[in-house]
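*Asks:* Quick one: the structure is below, and I'll ask about it shortly.
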Amino acid sequence: MKEYGINDLRNVALVGHSGVGKTSLVESLLYSSNLIDRLGKVDEGSTTSDFDLEEKKRKMSINTSILKMELEKNKINLLDTPGYFDFIGETIKGMSVSDISLIVVCGVNGIQVGTEMAWDYCVKNNIPRAFFINKLDRENSNYDKILKQLRNQFGNNIVPINYPLGVEENFTDVLNILEDNNSVYGVDSETLNKIIKYKENIMELVAESDENLLNKYLEVGTLSHEEIYLGLRNGIISGDIIPVMCGSSTKCLGVNLLIQCINKIFPSPNPIVEMRNNLKKTCKEEKFSARVFKTIIDPFMGKLSIFKVITGELNTSMDILNCSNGSIEKISNLYYINGKNQLPTYNIKKGDIGAIAKLQSISTGDIICDVNNKILSSSIKFPEPVIKMAIIPKSKGDEDKISSGLYKLLEEDNTFKIVRDVENAEILIEGMGETHLEVLASKLKSKFGVDVFLRLPKVAYRETIKGKADVQGKHKKQSGGHGQYGDVKIKFEPRLDGVEELEFIDAVVGGTVPKNFIPAVEKGLKECAKHGVLARYPVIGLKATLYDGSYHSVDSSEMAFKIATSIAYKKGLEQANPVLLEPIMEFVVRIPDEYMGEVIGDINKKRGRILRIEPKENMQVITAEIPQVESFKYATDLRSITQARGSFNMKFKRYAEVPSSELNKIIRNNNL
């Protein structure tokens, strides 16, 4: 296998909104480079990068795939990332090791939420970026309109370096604005004037990025091809220039020009390592270091840790240090990744992407390095889950299999969590959306043979009392020999200090209840408080005062007093106006102005209460309270209302009385 120096490497992440044609563009790049002999299609499940069973079934990318393009001079690692928001964690993984992100935009729909999210992530993390306007063969596609959108929203340093010939079904070719041979295409005068204007714009931006080039441009009025390409490359690295390319991935139009641009003006890893690797100065350039950005649990090969080399090189004779936990491991098997295939190799050089098999101590986000070159680094940050579901086995006895499978999937996916609901004896999984959780459930079946279904979690309702009651509980049983006798008088009332736990007060005088039986009364009350009298939910905010009773010198026992206590408890709660409480969540919702009315209306429909609304960073921030039972699918609802432009976080705030309109339904469902 040919070896490539760092200047010959390109790591390009294809990012953008779902459905803009990223996977088709990767397929077209491979086909146009003669690396595959057939152009696969997403709808047929035949593309090189969407090889996972779930991806084929759902006809969309779920994982970040790594495709290797070895050309005559350069090696290009293409990272095909998902555009669907549920799988944003995979997109972050791909972008975290890219040297440039190619933001793919639909020539019909233009800027979408995925476009904005990709741009924002690039800006926040200093990732060089470029645009590719795709689907220009489609009806209602409009290159000039989309280009104007991009420049209006993201700045005038966005410059086209390609221009389409023809529109919609008459789109036939793409021109290279940087070259001087445009006249041979028989371009009409209007288009030619646009191209000349764009080329002048490119030269101005290139000149502004370099003092020597600026002096020459002011003196001569033009720059050479080499100077333009060099200036573009430097401008892309600094973020001062954002090039725009275009074409049709399904018809392979503009793809050869894109390959030229990747080779000529896209940055290699070398110039921007110091800008974005976040490593401290302890890193020695000649010593090996790498970031593990993705983990795959392969049914045949076991665990694969995929990494990008930052400094030095890794070979199969080395020991490596995991800087995150201090463990040292021996390298035995190294691979290049090419779609679903692993290609064995003996070393991976600086700037390149590879994989190590069967390293159990290494996780996604870890920094690995030479054992004598310990490094400190910031970790990859992933968003917090926004939705949770209970995961239920279809066959009894599969609980252990579910747990084992989930923890293996957890190694692959940093955007879901496993929570054990002890109260309701449920396993909950939290993720980025309903589709995300459905995919996890499907993977449990396909990878680990466990069939499950998902349902909404049980709500942790509580019960309490609003009134007071003074009751007696007496247990008397004669059955020959020793009998059973216990007698208590207890006052029940709400606890007013805001503490949920049972407050027990011993107010017995005169020994009417012997001291040795009082702990049994308290213990009995605590056991009883695990279940209320309305729907058998735990009781909170209860105060119980034991003030009188009686006993028998022979027949009284701890058990008799516990039974008497349970009788008093049931009577007392029934007489003290019992009520059902539901958990209330506090939501902080961030939305653009235009969605304010719909979001507020949706909160009201969910029995929510608006606490305050305040503007912040071009967004409106709504703080509201919503009952937990209404909140489980809020992520889906908010995404639908705001076209995924809204975000939120929530936390438990308090318990509140369930409205009478909901009470009977909850009691009925709980008694089924």
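Please note that chains go A, B, ... in the order of the structure tokens, that every chain numbers its residues from 1, and that ligands are numbered from 1 in the order shown.
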I'd like the neighbourhood of range 560-568 of chain A as a list of chain:residue names, where a residue qualifies if any of its atoms comes within 8 Å (using only C-alpha atoms), though same-chain residues fewer than 5 positions away should be ignored.

*Replies:*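 In the requested form, the answer reads A:Val471, A:Gln472, A:Gly473, A:Lys474, A:His475, A:Lys476, A:Gln484, A:Tyr485, A:Gly486, A:Asp487, A:Val488, A:Lys489, A:Ile490, A:Phe517, A:Ala520, A:Val521, A:Lys523, A:Gly524, A:Leu525, A:Cys528.
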
*Asks:* Which residues are near Asn577 in chain A? Cut-off 8 Å, only C-alpha atoms, ignore same chain within fewer than 2 positions. Put them as a PyMOL selection string.

*Replies:* chain A and resi 465-468+573-575+579

*Asks:* Might you pull out every residue within 12 Å of Asp173 in chain A, with only C-alpha atoms counted and same-chain residues fewer than 4 positions away left off, and present them as a PDB file with all heavy atoms, in the first residue's frame?

*Replies:*
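After the write, out_28.pdb holds the following:
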```pdb
ATOM      1  N   LEU A 136     -28.671  20.409  -8.438  1.00  0.00           N
ATOM      2  CA  LEU A 136     -28.996  21.483  -9.379  1.00  0.00           C
ATOM      3  C   LEU A 136     -29.715  20.978 -10.620  1.00  0.00           C
ATOM      4  O   LEU A 136     -30.126  21.781 -11.469  1.00  0.00           O
ATOM      5  CB  LEU A 136     -27.722  22.247  -9.765  1.00  0.00           C
ATOM      6  CG  LEU A 136     -27.129  23.110  -8.639  1.00  0.00           C
ATOM      7  CD1 LEU A 136     -25.842  23.772  -9.095  1.00  0.00           C
ATOM      8  CD2 LEU A 136     -28.126  24.162  -8.166  1.00  0.00           C
ATOM      9  N   ASP A 137     -29.878  19.667 -10.744  1.00  0.00           N
ATOM     10  CA  ASP A 137     -30.664  19.113 -11.844  1.00  0.00           C
ATOM     11  C   ASP A 137     -32.145  19.010 -11.488  1.00  0.00           C
ATOM     12  O   ASP A 137     -32.965  18.683 -12.345  1.00  0.00           O
ATOM     13  CB  ASP A 137     -30.135  17.724 -12.210  1.00  0.00           C
ATOM     14  CG  ASP A 137     -30.161  16.775 -11.019  1.00  0.00           C
ATOM     15  OD1 ASP A 137     -29.817  17.212  -9.901  1.00  0.00           O
ATOM     16  OD2 ASP A 137     -30.528  15.596 -11.200  1.00  0.00           O
ATOM     17  N   ASN A 162     -17.024  27.558  -8.586  1.00  0.00           N
ATOM     18  CA  ASN A 162     -17.651  26.830  -9.697  1.00  0.00           C
ATOM     19  C   ASN A 162     -18.928  27.555 -10.103  1.00  0.00           C
ATOM     20  O   ASN A 162     -19.522  28.276  -9.279  1.00  0.00           O
ATOM     21  CB  ASN A 162     -18.026  25.404  -9.297  1.00  0.00           C
ATOM     22  CG  ASN A 162     -16.850  24.518  -8.927  1.00  0.00           C
ATOM     23  OD1 ASN A 162     -17.032  23.497  -8.306  1.00  0.00           O
ATOM     24  ND2 ASN A 162     -15.639  24.891  -9.307  1.00  0.00           N
ATOM     25  N   TYR A 163     -19.347  27.339 -11.338  1.00  0.00           N
ATOM     26  CA  TYR A 163     -20.625  27.922 -11.781  1.00  0.00           C
ATOM     27  C   TYR A 163     -21.327  26.930 -12.702  1.00  0.00           C
ATOM     28  O   TYR A 163     -20.700  26.343 -13.586  1.00  0.00           O
ATOM     29  CB  TYR A 163     -20.411  29.254 -12.508  1.00  0.00           C
ATOM     30  CG  TYR A 163     -21.682  30.058 -12.621  1.00  0.00           C
ATOM     31  CD1 TYR A 163     -22.106  30.867 -11.566  1.00  0.00           C
ATOM     32  CD2 TYR A 163     -22.482  29.981 -13.763  1.00  0.00           C
ATOM     33  CE1 TYR A 163     -23.291  31.589 -11.654  1.00  0.00           C
ATOM     34  CE2 TYR A 163     -23.671  30.697 -13.850  1.00  0.00           C
ATOM     35  CZ  TYR A 163     -24.068  31.494 -12.786  1.00  0.00           C
ATOM     36  OH  TYR A 163     -25.249  32.209 -12.866  1.00  0.00           O
ATOM     37  N   PRO A 164     -22.664  26.715 -12.498  1.00  0.00           N
ATOM     38  CA  PRO A 164     -23.380  25.708 -13.290  1.00  0.00           C
ATOM     39  C   PRO A 164     -23.737  26.215 -14.691  1.00  0.00           C
ATOM     40  O   PRO A 164     -24.031  27.395 -14.882  1.00  0.00           O
ATOM     41  CB  PRO A 164     -24.644  25.465 -12.463  1.00  0.00           C
ATOM     42  CG  PRO A 164     -24.891  26.766 -11.761  1.00  0.00           C
ATOM     43  CD  PRO A 164     -23.531  27.339 -11.469  1.00  0.00           C
ATOM     44  N   LEU A 165     -23.727  25.305 -15.649  1.00  0.00           N
ATOM     45  CA  LEU A 165     -24.210  25.593 -17.000  1.00  0.00           C
ATOM     46  C   LEU A 165     -25.591  24.967 -17.156  1.00  0.00           C
ATOM     47  O   LEU A 165     -25.737  23.749 -17.031  1.00  0.00           O
ATOM     48  CB  LEU A 165     -23.272  24.993 -18.044  1.00  0.00           C
ATOM     49  CG  LEU A 165     -22.058  25.824 -18.455  1.00  0.00           C
ATOM     50  CD1 LEU A 165     -21.241  25.055 -19.477  1.00  0.00           C
ATOM     51  CD2 LEU A 165     -22.478  27.168 -19.016  1.00  0.00           C
ATOM     52  N   GLY A 166     -26.587  25.809 -17.414  1.00  0.00           N
ATOM     53  CA  GLY A 166     -27.944  25.315 -17.548  1.00  0.00           C
ATOM     54  C   GLY A 166     -28.638  25.215 -16.200  1.00  0.00           C
ATOM     55  O   GLY A 166     -28.007  25.247 -15.145  1.00  0.00           O
ATOM     56  N   VAL A 167     -29.974  25.073 -16.263  1.00  0.00           N
ATOM     57  CA  VAL A 167     -30.772  24.997 -15.032  1.00  0.00           C
ATOM     58  C   VAL A 167     -31.712  23.800 -15.099  1.00  0.00           C
ATOM     59  O   VAL A 167     -32.112  23.349 -16.178  1.00  0.00           O
ATOM     60  CB  VAL A 167     -31.594  26.288 -14.801  1.00  0.00           C
ATOM     61  CG1 VAL A 167     -30.681  27.479 -14.587  1.00  0.00           C
ATOM     62  CG2 VAL A 167     -32.542  26.550 -15.965  1.00  0.00           C
ATOM     63  N   GLU A 168     -32.040  23.292 -13.913  1.00  0.00           N
ATOM     64  CA  GLU A 168     -32.979  22.182 -13.742  1.00  0.00           C
ATOM     65  C   GLU A 168     -32.640  21.025 -14.679  1.00  0.00           C
ATOM     66  O   GLU A 168     -31.503  20.548 -14.690  1.00  0.00           O
ATOM     67  CB  GLU A 168     -34.417  22.689 -13.914  1.00  0.00           C
ATOM     68  CG  GLU A 168     -34.785  23.768 -12.889  1.00  0.00           C
ATOM     69  CD  GLU A 168     -36.187  24.289 -13.051  1.00  0.00           C
ATOM     70  OE1 GLU A 168     -36.861  23.956 -14.047  1.00  0.00           O
ATOM     71  OE2 GLU A 168     -36.637  25.055 -12.170  1.00  0.00           O
ATOM     72  N   GLU A 169     -33.602  20.567 -15.499  1.00  0.00           N
ATOM     73  CA  GLU A 169     -33.317  19.410 -16.352  1.00  0.00           C
ATOM     74  C   GLU A 169     -32.307  19.712 -17.451  1.00  0.00           C
ATOM     75  O   GLU A 169     -31.749  18.797 -18.077  1.00  0.00           O
ATOM     76  CB  GLU A 169     -34.614  18.852 -16.972  1.00  0.00           C
ATOM     77  CG  GLU A 169     -35.232  19.740 -18.037  1.00  0.00           C
ATOM     78  CD  GLU A 169     -36.178  20.793 -17.448  1.00  0.00           C
ATOM     79  OE1 GLU A 169     -36.193  20.957 -16.214  1.00  0.00           O
ATOM     80  OE2 GLU A 169     -36.892  21.431 -18.236  1.00  0.00           O
ATOM     81  N   ASN A 182     -12.934  29.550 -19.933  1.00  0.00           N
ATOM     82  CA  ASN A 182     -14.389  29.489 -19.917  1.00  0.00           C
ATOM     83  C   ASN A 182     -15.008  29.778 -21.285  1.00  0.00           C
ATOM     84  O   ASN A 182     -16.113  29.337 -21.584  1.00  0.00           O
ATOM     85  CB  ASN A 182     -14.942  30.476 -18.886  1.00  0.00           C
ATOM     86  CG  ASN A 182     -14.542  30.084 -17.475  1.00  0.00           C
ATOM     87  OD1 ASN A 182     -14.575  28.912 -17.133  1.00  0.00           O
ATOM     88  ND2 ASN A 182     -14.124  31.052 -16.670  1.00  0.00           N
ATOM     89  N   TYR A 185     -16.563  27.059 -23.725  1.00  0.00           N
ATOM     90  CA  TYR A 185     -17.835  26.406 -23.467  1.00  0.00           C
ATOM     91  C   TYR A 185     -18.993  27.110 -24.170  1.00  0.00           C
ATOM     92  O   TYR A 185     -20.123  26.668 -24.090  1.00  0.00           O
ATOM     93  CB  TYR A 185     -18.125  26.387 -21.958  1.00  0.00           C
ATOM     94  CG  TYR A 185     -17.221  25.468 -21.179  1.00  0.00           C
ATOM     95  CD1 TYR A 185     -16.041  25.943 -20.624  1.00  0.00           C
ATOM     96  CD2 TYR A 185     -17.551  24.126 -20.993  1.00  0.00           C
ATOM     97  CE1 TYR A 185     -15.204  25.113 -19.897  1.00  0.00           C
ATOM     98  CE2 TYR A 185     -16.726  23.288 -20.264  1.00  0.00           C
ATOM     99  CZ  TYR A 185     -15.551  23.787 -19.727  1.00  0.00           C
ATOM    100  OH  TYR A 185     -14.727  22.959 -19.014  1.00  0.00           O
ATOM    101  N   VAL A 187     -20.171  30.095 -23.387  1.00  0.00           N
ATOM    102  CA  VAL A 187     -20.984  30.684 -22.319  1.00  0.00           C
ATOM    103  C   VAL A 187     -21.612  31.984 -22.800  1.00  0.00           C
ATOM    104  O   VAL A 187     -20.962  32.797 -23.463  1.00  0.00           O
ATOM    105  CB  VAL A 187     -20.106  30.942 -21.079  1.00  0.00           C
ATOM    106  CG1 VAL A 187     -20.910  31.610 -19.985  1.00  0.00           C
ATOM    107  CG2 VAL A 187     -19.504  29.640 -20.585  1.00  0.00           C
ATOM    108  N   CYS A 246     -20.418  23.313  -6.764  1.00  0.00           N
ATOM    109  CA  CYS A 246     -21.795  22.947  -7.079  1.00  0.00           C
ATOM    110  C   CYS A 246     -21.838  21.757  -8.024  1.00  0.00           C
ATOM    111  O   CYS A 246     -20.813  21.363  -8.599  1.00  0.00           O
ATOM    112  CB  CYS A 246     -22.526  24.137  -7.697  1.00  0.00           C
ATOM    113  SG  CYS A 246     -21.871  24.642  -9.307  1.00  0.00           S
ATOM    114  N   GLY A 247     -23.044  21.193  -8.172  1.00  0.00           N
ATOM    115  CA  GLY A 247     -23.214  20.082  -9.092  1.00  0.00           C
ATOM    116  C   GLY A 247     -24.430  19.246  -8.789  1.00  0.00           C
ATOM    117  O   GLY A 247     -25.359  19.681  -8.095  1.00  0.00           O
ATOM    118  N   SER A 248     -24.414  18.047  -9.303  1.00  0.00           N
ATOM    119  CA  SER A 248     -25.466  17.063  -9.053  1.00  0.00           C
ATOM    120  C   SER A 248     -24.793  15.746  -8.721  1.00  0.00           C
ATOM    121  O   SER A 248     -24.112  15.159  -9.568  1.00  0.00           O
ATOM    122  CB  SER A 248     -26.358  16.897 -10.283  1.00  0.00           C
ATOM    123  OG  SER A 248     -27.150  15.728 -10.164  1.00  0.00           O
ATOM    124  N   LYS A 251     -25.974  12.673 -10.854  1.00  0.00           N
ATOM    125  CA  LYS A 251     -25.553  12.673 -12.261  1.00  0.00           C
ATOM    126  C   LYS A 251     -24.045  12.869 -12.418  1.00  0.00           C
ATOM    127  O   LYS A 251     -23.548  13.014 -13.528  1.00  0.00           O
ATOM    128  CB  LYS A 251     -26.305  13.764 -13.028  1.00  0.00           C
ATOM    129  CG  LYS A 251     -27.793  13.474 -13.171  1.00  0.00           C
ATOM    130  CD  LYS A 251     -28.469  14.460 -14.103  1.00  0.00           C
ATOM    131  CE  LYS A 251     -29.932  14.079 -14.325  1.00  0.00           C
ATOM    132  NZ  LYS A 251     -30.610  15.034 -15.238  1.00  0.00           N
ATOM    133  N   CYS A 252     -23.338  12.905 -11.280  1.00  0.00           N
ATOM    134  CA  CYS A 252     -21.871  13.060 -11.273  1.00  0.00           C
ATOM    135  C   CYS A 252     -21.430  14.351 -11.967  1.00  0.00           C
ATOM    136  O   CYS A 252     -20.324  14.419 -12.524  1.00  0.00           O
ATOM    137  CB  CYS A 252     -21.197  11.864 -11.948  1.00  0.00           C
ATOM    138  SG  CYS A 252     -21.387  10.326 -11.019  1.00  0.00           S
ATOM    139  N   LEU A 253     -22.245  15.385 -11.935  1.00  0.00           N
ATOM    140  CA  LEU A 253     -21.878  16.669 -12.532  1.00  0.00           C
ATOM    141  C   LEU A 253     -21.207  17.544 -11.474  1.00  0.00           C
ATOM    142  O   LEU A 253     -21.728  17.690 -10.364  1.00  0.00           O
ATOM    143  CB  LEU A 253     -23.116  17.379 -13.089  1.00  0.00           C
ATOM    144  CG  LEU A 253     -23.786  16.714 -14.294  1.00  0.00           C
ATOM    145  CD1 LEU A 253     -25.084  17.417 -14.648  1.00  0.00           C
ATOM    146  CD2 LEU A 253     -22.845  16.715 -15.493  1.00  0.00           C
ATOM    147  N   GLY A 254     -20.061  18.120 -11.816  1.00  0.00           N
ATOM    148  CA  GLY A 254     -19.316  18.960 -10.892  1.00  0.00           C
ATOM    149  C   GLY A 254     -18.447  18.184  -9.928  1.00  0.00           C
ATOM    150  O   GLY A 254     -17.710  18.775  -9.138  1.00  0.00           O
ATOM    151  N   VAL A 255     -18.505  16.865  -9.989  1.00  0.00           N
ATOM    152  CA  VAL A 255     -17.789  16.033  -9.019  1.00  0.00           C
ATOM    153  C   VAL A 255     -16.287  16.024  -9.306  1.00  0.00           C
ATOM    154  O   VAL A 255     -15.468  16.095  -8.381  1.00  0.00           O
ATOM    155  CB  VAL A 255     -18.373  14.609  -9.000  1.00  0.00           C
ATOM    156  CG1 VAL A 255     -17.559  13.712  -8.074  1.00  0.00           C
ATOM    157  CG2 VAL A 255     -19.829  14.646  -8.554  1.00  0.00           C
ATOM    158  N   ASN A 256     -15.898  15.956 -10.586  1.00  0.00           N
ATOM    159  CA  ASN A 256     -14.467  16.001 -10.912  1.00  0.00           C
ATOM    160  C   ASN A 256     -13.840  17.327 -10.501  1.00  0.00           C
ATOM    161  O   ASN A 256     -12.692  17.368 -10.035  1.00  0.00           O
ATOM    162  CB  ASN A 256     -14.256  15.750 -12.402  1.00  0.00           C
ATOM    163  CG  ASN A 256     -14.422  14.280 -12.763  1.00  0.00           C
ATOM    164  OD1 ASN A 256     -14.052  13.398 -11.983  1.00  0.00           O
ATOM    165  ND2 ASN A 256     -15.001  14.009 -13.921  1.00  0.00           N
ATOM    166  N   LEU A 257     -14.597  18.413 -10.660  1.00  0.00           N
ATOM    167  CA  LEU A 257     -14.088  19.713 -10.202  1.00  0.00           C
ATOM    168  C   LEU A 257     -13.960  19.732  -8.683  1.00  0.00           C
ATOM    169  O   LEU A 257     -13.030  20.331  -8.138  1.00  0.00           O
ATOM    170  CB  LEU A 257     -15.010  20.845 -10.665  1.00  0.00           C
ATOM    171  CG  LEU A 257     -14.857  21.309 -12.113  1.00  0.00           C
ATOM    172  CD1 LEU A 257     -15.809  22.475 -12.391  1.00  0.00           C
ATOM    173  CD2 LEU A 257     -13.427  21.720 -12.420  1.00  0.00           C
TER     174      LEU A 257
END
```

*Asks:* Which is closest to Ile237 in chain A among A:Asn669, A:Thr115, A:Ser249, A:Asn126, if we use only C-alpha atoms?

*Replies:*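 Among the listed residues, A:Asn126 lies closest to Ile237 in chain A.
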
*Asks:* Please list as a list in words every residue within 9 Å of Lys381 in chain A, counting only C-alpha atoms and excluding residues in the same chain fewer than 3 positions away.

*Replies:* Ile92, Gly365 and Ser378 of chain A

*Asks:* Write out, as a compact mmCIF listing (two decimals), in the first residue's frame, the residues just selected, with C-alpha atoms.

*Replies:*
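Final file, part.txt:
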```txt
# COMPACT_ATOMS: atom_id res chain seq x y z
CA ILE A 92 -19.83 15.61 15.92
CA GLY A 365 -12.91 10.81 23.15
CA SER A 378 -10.09 18.61 26.22
```

*Asks:* Please identify the strand (DSSP E) residues within range 186-359 of chain A (assignment by DSSP from backbone atoms) and present them as a ChimeraX atom specification.

*Replies:* /A:242-246,289-298,302-311,313-315,319-322,328-330,334-338,341-345,347-349,353-357

*Asks:* Write to file, as a short mmCIF file (atom, residue, chain, number, x, y, z; two decimals), in the first residue's frame, the residues of the selection just made, with N, CA and C atoms.

*Replies:*
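Listing of out.cif after writing:
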```cif
data_model
loop_
_atom_site.label_atom_id
_atom_site.label_comp_id
_atom_site.auth_asym_id
_atom_site.auth_seq_id
_atom_site.Cartn_x
_atom_site.Cartn_y
_atom_site.Cartn_z
N ILE A 242 -14.51 31.23 2.21
CA ILE A 242 -15.37 30.05 2.21
C ILE A 242 -15.75 29.77 0.75
N PRO A 243 -15.13 28.78 0.10
CA PRO A 243 -15.43 28.52 -1.30
C PRO A 243 -16.76 27.77 -1.48
N VAL A 244 -17.39 28.02 -2.63
CA VAL A 244 -18.65 27.34 -2.95
C VAL A 244 -18.48 26.58 -4.26
N MET A 245 -18.76 25.30 -4.21
CA MET A 245 -18.76 24.45 -5.39
C MET A 245 -20.18 23.98 -5.65
N CYS A 246 -20.42 23.31 -6.76
CA CYS A 246 -21.80 22.95 -7.08
C CYS A 246 -21.84 21.76 -8.02
N SER A 289 0.78 10.60 19.22
CA SER A 289 -0.44 10.94 19.95
C SER A 289 -1.60 10.88 18.98
N ALA A 290 -2.78 10.55 19.48
CA ALA A 290 -3.96 10.44 18.62
C ALA A 290 -5.21 10.60 19.47
N ARG A 291 -6.29 10.98 18.81
CA ARG A 291 -7.59 11.05 19.48
C ARG A 291 -8.49 9.95 18.94
N VAL A 292 -9.07 9.18 19.86
CA VAL A 292 -10.08 8.18 19.49
C VAL A 292 -11.42 8.91 19.37
N PHE A 293 -11.99 8.92 18.16
CA PHE A 293 -13.21 9.70 17.96
C PHE A 293 -14.44 8.84 17.70
N LYS A 294 -14.25 7.54 17.57
CA LYS A 294 -15.40 6.68 17.29
C LYS A 294 -15.09 5.25 17.74
N THR A 295 -16.11 4.55 18.21
CA THR A 295 -15.97 3.16 18.62
C THR A 295 -17.03 2.32 17.90
N ILE A 296 -16.60 1.17 17.41
CA ILE A 296 -17.53 0.24 16.76
C ILE A 296 -17.43 -1.11 17.48
N ILE A 297 -18.59 -1.65 17.84
CA ILE A 297 -18.64 -3.00 18.39
C ILE A 297 -19.01 -3.94 17.24
N ASP A 298 -18.00 -4.62 16.71
CA ASP A 298 -18.18 -5.48 15.54
C ASP A 298 -18.44 -6.91 16.00
N GLY A 302 -14.94 -7.76 17.28
CA GLY A 302 -14.99 -7.21 18.63
C GLY A 302 -14.99 -5.70 18.59
N LYS A 303 -14.27 -5.09 19.50
CA LYS A 303 -14.27 -3.64 19.64
C LYS A 303 -13.21 -3.01 18.74
N LEU A 304 -13.64 -2.03 17.94
CA LEU A 304 -12.73 -1.28 17.08
C LEU A 304 -12.68 0.17 17.56
N SER A 305 -11.50 0.66 17.88
CA SER A 305 -11.32 2.05 18.29
C SER A 305 -10.73 2.82 17.12
N ILE A 306 -11.51 3.77 16.59
CA ILE A 306 -11.09 4.52 15.40
C ILE A 306 -10.50 5.85 15.85
N PHE A 307 -9.36 6.21 15.29
CA PHE A 307 -8.61 7.37 15.78
C PHE A 307 -8.01 8.16 14.63
N LYS A 308 -7.62 9.39 14.94
CA LYS A 308 -6.84 10.21 14.01
C LYS A 308 -5.52 10.53 14.69
N VAL A 309 -4.41 10.27 13.98
CA VAL A 309 -3.09 10.55 14.52
C VAL A 309 -2.84 12.06 14.49
N ILE A 310 -2.43 12.58 15.64
CA ILE A 310 -2.17 14.02 15.75
C ILE A 310 -0.69 14.31 15.55
N THR A 311 0.15 13.53 16.24
CA THR A 311 1.60 13.70 16.08
C THR A 311 2.25 12.33 15.99
N GLU A 313 3.68 8.73 14.70
CA GLU A 313 2.99 7.66 14.00
C GLU A 313 2.85 6.46 14.93
N LEU A 314 1.88 5.60 14.61
CA LEU A 314 1.60 4.42 15.41
C LEU A 314 1.93 3.18 14.58
N ASN A 315 2.63 2.22 15.20
CA ASN A 315 2.88 0.96 14.50
C ASN A 315 2.58 -0.22 15.42
N ASP A 319 3.71 0.01 22.45
CA ASP A 319 2.77 0.10 23.57
C ASP A 319 2.23 1.52 23.59
N ILE A 320 0.96 1.67 23.97
CA ILE A 320 0.37 3.01 24.03
C ILE A 320 -0.22 3.26 25.41
N LEU A 321 -0.26 4.53 25.76
CA LEU A 321 -0.82 4.99 27.03
C LEU A 321 -2.16 5.66 26.77
N ASN A 322 -3.18 5.28 27.53
CA ASN A 322 -4.46 5.99 27.50
C ASN A 322 -4.37 7.12 28.52
N ILE A 328 -2.04 1.10 30.05
CA ILE A 328 -1.09 0.88 28.97
C ILE A 328 -1.50 -0.40 28.24
N GLU A 329 -1.55 -0.32 26.90
CA GLU A 329 -1.95 -1.47 26.10
C GLU A 329 -0.97 -1.73 24.98
N LYS A 330 -0.90 -2.99 24.58
CA LYS A 330 -0.03 -3.42 23.49
C LYS A 330 -0.81 -3.41 22.19
N LEU A 334 -3.61 -3.28 13.54
CA LEU A 334 -3.93 -1.93 13.05
C LEU A 334 -4.64 -2.05 11.71
N TYR A 335 -5.57 -1.12 11.48
CA TYR A 335 -6.33 -1.17 10.23
C TYR A 335 -6.57 0.24 9.69
N TYR A 336 -6.72 0.32 8.37
CA TYR A 336 -7.37 1.45 7.74
C TYR A 336 -8.85 1.08 7.60
N ILE A 337 -9.71 2.08 7.69
CA ILE A 337 -11.14 1.85 7.54
C ILE A 337 -11.57 2.32 6.15
N ASN A 338 -12.31 1.48 5.46
CA ASN A 338 -12.88 1.86 4.16
C ASN A 338 -14.30 1.32 4.09
N ASN A 341 -15.26 -2.22 5.45
CA ASN A 341 -14.06 -3.07 5.42
C ASN A 341 -12.94 -2.52 6.29
N GLN A 342 -12.19 -3.42 6.90
CA GLN A 342 -10.98 -3.05 7.64
C GLN A 342 -9.78 -3.61 6.88
N LEU A 343 -8.84 -2.71 6.55
CA LEU A 343 -7.69 -3.10 5.75
C LEU A 343 -6.45 -3.13 6.64
N PRO A 344 -5.85 -4.30 6.86
CA PRO A 344 -4.70 -4.40 7.77
C PRO A 344 -3.52 -3.55 7.32
N THR A 345 -2.81 -2.97 8.27
CA THR A 345 -1.61 -2.20 8.00
C THR A 345 -0.67 -2.33 9.19
N ASN A 347 1.37 0.41 10.11
CA ASN A 347 1.54 1.71 10.76
C ASN A 347 0.53 2.72 10.22
N ILE A 348 0.25 3.73 11.04
CA ILE A 348 -0.63 4.84 10.65
C ILE A 348 0.14 6.12 10.96
N LYS A 349 0.26 6.98 9.95
CA LYS A 349 1.11 8.17 10.10
C LYS A 349 0.32 9.40 10.52
N ILE A 353 -6.16 8.52 9.46
CA ILE A 353 -7.19 7.89 10.28
C ILE A 353 -7.03 6.38 10.21
N GLY A 354 -7.11 5.73 11.36
CA GLY A 354 -6.98 4.27 11.41
C GLY A 354 -7.81 3.69 12.54
N ALA A 355 -7.65 2.40 12.76
CA ALA A 355 -8.41 1.70 13.81
C ALA A 355 -7.54 0.67 14.49
N ILE A 356 -7.79 0.49 15.79
CA ILE A 356 -7.12 -0.54 16.59
C ILE A 356 -8.20 -1.50 17.08
N ALA A 357 -7.90 -2.77 17.05
CA ALA A 357 -8.87 -3.77 17.49
C ALA A 357 -8.62 -4.19 18.93
#
```

*Asks:* Find the residues near range 386-403 of chain A: any atom within 7 Å, counting only C-alpha atoms, skip ones fewer than 5 places away on the same chain, and give them as a VMD selection string.

*Replies:* chain A and resid 426 to 433 450 to 457 632 to 633 635

*Asks:* I'd like the contact shell of Glu3 in chain A - 12 Å cut-off, only C-alpha atoms, skipping same-chain residues fewer than 3 positions apart - returned as a ChimeraX atom specification.

*Replies:* /A:6-9,70-75,345-350,352

*Asks:* Quick one: residues within 10 Å of range 458-461 of chain A, only C-alpha atoms, excluding same-chain residues fewer than 3 positions away - as JSON, numbers by chain?

*Replies:* {"A": [389, 390, 421, 423, 424, 425, 426, 428, 455, 535, 536, 537, 538, 539, 580, 581, 582, 583, 627, 628, 629, 632, 655, 656, 657, 658, 666]}
